[in-house]
Amino acid sequence: MLNDFFTHLCLSFFLGFCLTYFAFRFLSSLGFIDSPNSRSLHVQPTPTSGGIAIFMSLWISVNHSPFLFQELYPWLLASSAFSVLGLIDDYKSRTVFFRLTFQFVIGGAVIFWVVFNRESQTQNQLLFYLTPLFLSISLVAAVNLFNFMDGSDGLAGAQSLIYFLCFTFMFDSLGLRSLSFLALGMSGIVLGFMIFNWPPAKIFMGDSGSYLLGSLHFAFGCSYYLSGNGVSFPLILAAPFICDSVLTLAHRFFTSQNWWQAHRDHCYQLLIMDGMLPRDLVLAFITLHLTCTIPLAFLSFIYSEFSLYFLLATYLVISFIWYYLKRKYA
């Protein structure tokens with residue numbers, strides 16, 4: 001089994017590296033270029049939509065895995081549909097209405113499949129129909145919040161690598177080997193992509209990548225919840241992204257700003273504009289995970305009776321960091 005894990009990781013890394021290299025060489029000639037504008041943190045035109053390399057690597061990796069993923073195909077198909085939608089937006093920016101409409105169609109389809117195919121269904125009819133609606137909104141929110149945070153070299157890749165690696169160990173400990181292999185494969189793919197996305201980035205993942213990774217974040221969290229282990233573990237691991245995006249949007253809303261429009265008010269953007277190097281930002285972000293979120297996430301699983309307290313502690317700490325940085329650099 002250990003040999004299978006190592007082989008799968010190496011294959012996934014090789015795929016992510018090679019396909020990202022080809023994307024780096026050819027995407028710009030196809031018109032996938034992110035040129036700097038008033039909201040950008042980069043200064044040179046850079047190839048974008050490297051998420052297509054992640055998407056292709058994912059499916060090749062799945063088809064060469066020693067496990068069968070039939071039960072996961074709806075999630076994989078939905079994530080792929082999100083990636084294609086992002087690819088369309090990378091090529092030519094679409095309206096918010098266009099993006100949200102198709103996001104809800106994709107999200108609603110996969111959530112209704114998950115809910116209606118569960119063996120244990122609630123007898124409360126109102127709750128039975130409200131649950132898919134709530135989960136669909138949560139999935140679309142997760143995709144867009146992840147996209148909001150994909151604005152600095154290597155940041156979204158670092159979040160994904162940490163998230164997927166932690167779920168590799170978690171799913172393996174729960175005996176969910178197919179999910180563990182999928183998380184391991186995504187870890188290798190993202191690591192291969194990050195060779196080119198590490199600051200200064202040679203290629204961006206674009207919406208095609210952020211939509212894909214955001215939807216997989218939600219898929220792993222939802223699968224963990226459906227296994228009967230609550231939501232503390234995934235919510236703690238995603239806390240830095242959730243806090244920065246949600247608190248920033250709330251701040252813009254309550255200060256009468258156009259919160260739905262693109263901006264540079266996220267804490268990571270303020271730090272970069274104040275002179276912090278993107279590489280140092282990623283290293284600080286990884287340090288935050290190693291010293292705070294990862295230990296608290298695993299503690300919430302080991303001591304499940306106190307999981308809510310670990311969850312609250314995580315969000316209080318990161319919210320305080322957000323407030324401090326906002327006051328200092330805004």
# chains A, B, ... in the order shown; residues from 1 in each chain; ligands from 1
call {"tool": "closest_atom_pairs", "arguments": {"of": "range 180-284 of chain A", "to": "range 155-166 of chain A", "cutoff": "9 Å", "atoms": "only C-alpha atoms", "output": "tab-separated table"}}
result
residue	atom	partner	partner_atom	distance
A:Ser180	CA	A:Phe164	CA	9.0
A:Leu182	CA	A:Phe164	CA	8.8
A:Ala183	CA	A:Phe164	CA	5.0
A:Leu184	CA	A:Leu165	CA	6.4
A:Gly185	CA	A:Phe164	CA	8.7
A:Met186	CA	A:Phe164	CA	6.6
A:Ser187	CA	A:Leu161	CA	5.3
A:Gly188	CA	A:Leu161	CA	8.2
A:Ile189	CA	A:Leu161	CA	8.9
A:Val190	CA	A:Leu161	CA	6.1
A:Leu191	CA	A:Leu161	CA	6.7
A:Phe193	CA	A:Gly157	CA	8.0
A:Met194	CA	A:Gly157	CA	6.3
A:Asn197	CA	A:Gly157	CA	7.7
A:Trp198	CA	A:Gly157	CA	8.5
A:Met205	CA	A:Gly157	CA	8.7
A:Ser210	CA	A:Ala156	CA	7.6
A:Leu213	CA	A:Ser160	CA	7.0
A:Gly214	CA	A:Ser160	CA	8.6
A:His217	CA	A:Tyr163	CA	7.6
A:Phe220	CA	A:Phe164	CA	8.5
A:Pro234	CA	A:Tyr163	CA	8.1
A:Leu237	CA	A:Tyr163	CA	6.3
A:Ala238	CA	A:Tyr163	CA	7.5
A:Pro240	CA	A:Gln159	CA	8.7
A:Phe241	CA	A:Gln159	CA	8.1
A:Pro278	CA	A:Leu155	CA	8.2
A:Arg279	CA	A:Leu155	CA	8.9
A:Leu281	CA	A:Leu155	CA	7.9
A:Val282	CA	A:Leu155	CA	5.6
call {"tool": "select_by_dssp", "arguments": {"residues": "range 19-124 of chain A", "states": "alpha helix (DSSP H)", "output": "NGL selection string"}}
result
:A and (19-26 or 51-63 or 73-91 or 96-116)
call {"tool": "atom_distance", "arguments": {"atom1": "CA of Phe233 in chain A", "atom2": "CA of Phe298 in chain A"}}
result
6.9 Å
call {"tool": "atom_distance", "arguments": {"atom1": "CA of Met273 in chain A", "atom2": "CA of Lys202 in chain A"}}
result
19.9 Å
call {"tool": "closest_residue", "arguments": {"among": "A:Ala141, A:His266, A:Phe167, A:Asp150", "to": "Ile294 in chain A", "atoms": "only C-alpha atoms"}}
result
A:Phe167
call {"tool": "closest_residue", "arguments": {"among": "A:Leu312, A:Leu270, A:Leu77, A:Leu87", "to": "Ser215 in chain A", "atoms": "only C-alpha atoms"}}
result
A:Leu77
call {"tool": "residues_around", "arguments": {"residues": "Leu41 in chain A", "least_positions_apart": "4", "cutoff": "8 Å", "atoms": "only C-alpha atoms", "output": "short mmCIF file (atom, residue, chain, number, x, y, z; two decimals) with N, CA, C and O atoms, in the first residue's frame"}}
result
data_model
loop_
_atom_site.label_atom_id
_atom_site.label_comp_id
_atom_site.auth_asym_id
_atom_site.auth_seq_id
_atom_site.Cartn_x
_atom_site.Cartn_y
_atom_site.Cartn_z
N PRO A 36 -1.38 43.33 -16.63
CA PRO A 36 -1.58 44.12 -15.40
C PRO A 36 -2.61 45.22 -15.59
O PRO A 36 -2.71 45.81 -16.66
N GLY A 151 -4.94 35.79 -5.75
CA GLY A 151 -4.48 37.04 -6.32
C GLY A 151 -3.01 37.32 -6.09
O GLY A 151 -2.52 38.37 -6.47
N SER A 152 -2.31 36.37 -5.47
CA SER A 152 -0.89 36.55 -5.20
C SER A 152 -0.16 35.25 -5.54
O SER A 152 -0.69 34.15 -5.28
N GLN A 269 -3.51 41.32 -0.08
CA GLN A 269 -3.26 42.37 -1.06
C GLN A 269 -2.65 43.60 -0.40
O GLN A 269 -1.74 44.23 -0.94
N ILE A 272 1.05 42.96 0.26
CA ILE A 272 1.87 43.04 -0.96
C ILE A 272 2.04 44.50 -1.38
O ILE A 272 3.15 44.94 -1.73
N MET A 273 0.96 45.28 -1.32
CA MET A 273 1.05 46.69 -1.72
C MET A 273 1.91 47.49 -0.76
O MET A 273 2.48 48.52 -1.13
#
call {"tool": "residues_around", "arguments": {"residues": "Phe310 in chain A", "least_positions_apart": "6", "cutoff": "9 Å", "atoms": "only C-alpha atoms", "output": "NGL selection string"}}
result
:A and (232 or 236 or 296-297 or 299-300)
call {"tool": "write_last_selection", "arguments": {"atoms": "N, CA and C atoms", "output": "mmCIF file, in the first residue's frame"}}
result
data_model
loop_
_atom_site.group_PDB
_atom_site.id
_atom_site.type_symbol
_atom_site.label_atom_id
_atom_site.label_comp_id
_atom_site.auth_asym_id
_atom_site.auth_seq_id
_atom_site.Cartn_x
_atom_site.Cartn_y
_atom_site.Cartn_z
ATOM 1 N N SER A 232 -15.608 20.488 11.566
ATOM 2 C CA SER A 232 -14.538 21.280 12.168
ATOM 3 C C SER A 232 -13.223 21.132 11.422
ATOM 4 N N ILE A 236 -11.456 24.391 9.764
ATOM 5 C CA ILE A 236 -10.240 24.915 10.390
ATOM 6 C C ILE A 236 -9.125 25.030 9.358
ATOM 7 N N LEU A 296 -4.586 22.499 15.298
ATOM 8 C CA LEU A 296 -5.946 22.596 15.825
ATOM 9 C C LEU A 296 -6.922 21.724 15.040
ATOM 10 N N ALA A 297 -6.698 21.576 13.732
ATOM 11 C CA ALA A 297 -7.574 20.724 12.924
ATOM 12 C C ALA A 297 -7.485 19.273 13.380
ATOM 13 N N LEU A 299 -6.384 18.201 16.268
ATOM 14 C CA LEU A 299 -6.890 18.105 17.638
ATOM 15 C C LEU A 299 -8.414 18.036 17.653
ATOM 16 N N SER A 300 -9.049 18.762 16.719
ATOM 17 C CA SER A 300 -10.512 18.725 16.657
ATOM 18 C C SER A 300 -11.021 17.348 16.268
#
call {"tool": "closest_residue", "arguments": {"among": "A:Arg252, A:Lys328, A:His64, A:His289", "to": "Asp274 in chain A", "atoms": "only C-alpha atoms"}}
result
A:Lys328
call {"tool": "closest_residue", "arguments": {"among": "A:Val231, A:Ile321, A:Ala239, A:Met149", "to": "Tyr268 in chain A", "atoms": "only C-alpha atoms"}}
result
A:Met149
call {"tool": "closest_residue", "arguments": {"among": "A:Leu212, A:Leu9, A:Leu179, A:Ala313", "to": "Ala53 in chain A", "atoms": "only C-alpha atoms"}}
result
A:Leu212
call {"tool": "residues_around", "arguments": {"residues": "Ala142 in chain A", "least_positions_apart": "3", "cutoff": "7 Å", "atoms": "only C-alpha atoms", "output": "ChimeraX atom specification"}}
result
/A:138-139,145-146,214-215,218
call {"tool": "write_last_selection", "arguments": {"atoms": "N, CA, C and O atoms", "output": "short mmCIF file (atom, residue, chain, number, x, y, z; two decimals), in the first residue's frame"}}
result
data_model
loop_
_atom_site.label_atom_id
_atom_site.label_comp_id
_atom_site.auth_asym_id
_atom_site.auth_seq_id
_atom_site.Cartn_x
_atom_site.Cartn_y
_atom_site.Cartn_z
N SER A 138 -23.53 26.95 -0.50
CA SER A 138 -22.22 26.83 0.14
C SER A 138 -21.15 26.46 -0.87
O SER A 138 -20.02 26.97 -0.83
N LEU A 139 -21.47 25.57 -1.81
CA LEU A 139 -20.51 25.17 -2.84
C LEU A 139 -20.15 26.35 -3.74
O LEU A 139 -18.96 26.60 -4.01
N LEU A 145 -15.14 32.28 -3.14
CA LEU A 145 -14.23 32.76 -2.11
C LEU A 145 -12.80 32.31 -2.41
O LEU A 145 -11.85 33.07 -2.19
N PHE A 146 -12.65 31.10 -2.90
CA PHE A 146 -11.31 30.64 -3.28
C PHE A 146 -10.78 31.48 -4.44
O PHE A 146 -9.60 31.83 -4.47
N GLY A 214 -11.28 25.20 -5.64
CA GLY A 214 -12.30 25.58 -4.67
C GLY A 214 -13.40 24.55 -4.55
O GLY A 214 -13.85 24.22 -3.44
N SER A 215 -13.83 24.00 -5.68
CA SER A 215 -14.88 22.98 -5.64
C SER A 215 -14.38 21.68 -5.01
O SER A 215 -15.13 21.00 -4.30
N PHE A 218 -14.41 21.98 -1.26
CA PHE A 218 -15.75 21.73 -0.73
C PHE A 218 -16.09 20.24 -0.80
O PHE A 218 -16.68 19.70 0.14
#
call {"tool": "atom_distance", "arguments": {"atom1": "CA of Leu135 in chain A", "atom2": "CA of Leu288 in chain A"}}
result
28.4 Å
call {"tool": "closest_residue", "arguments": {"among": "A:Cys18, A:Val105, A:Leu235, A:Leu76", "to": "Thr314 in chain A", "atoms": "only C-alpha atoms"}}
result
A:Leu235
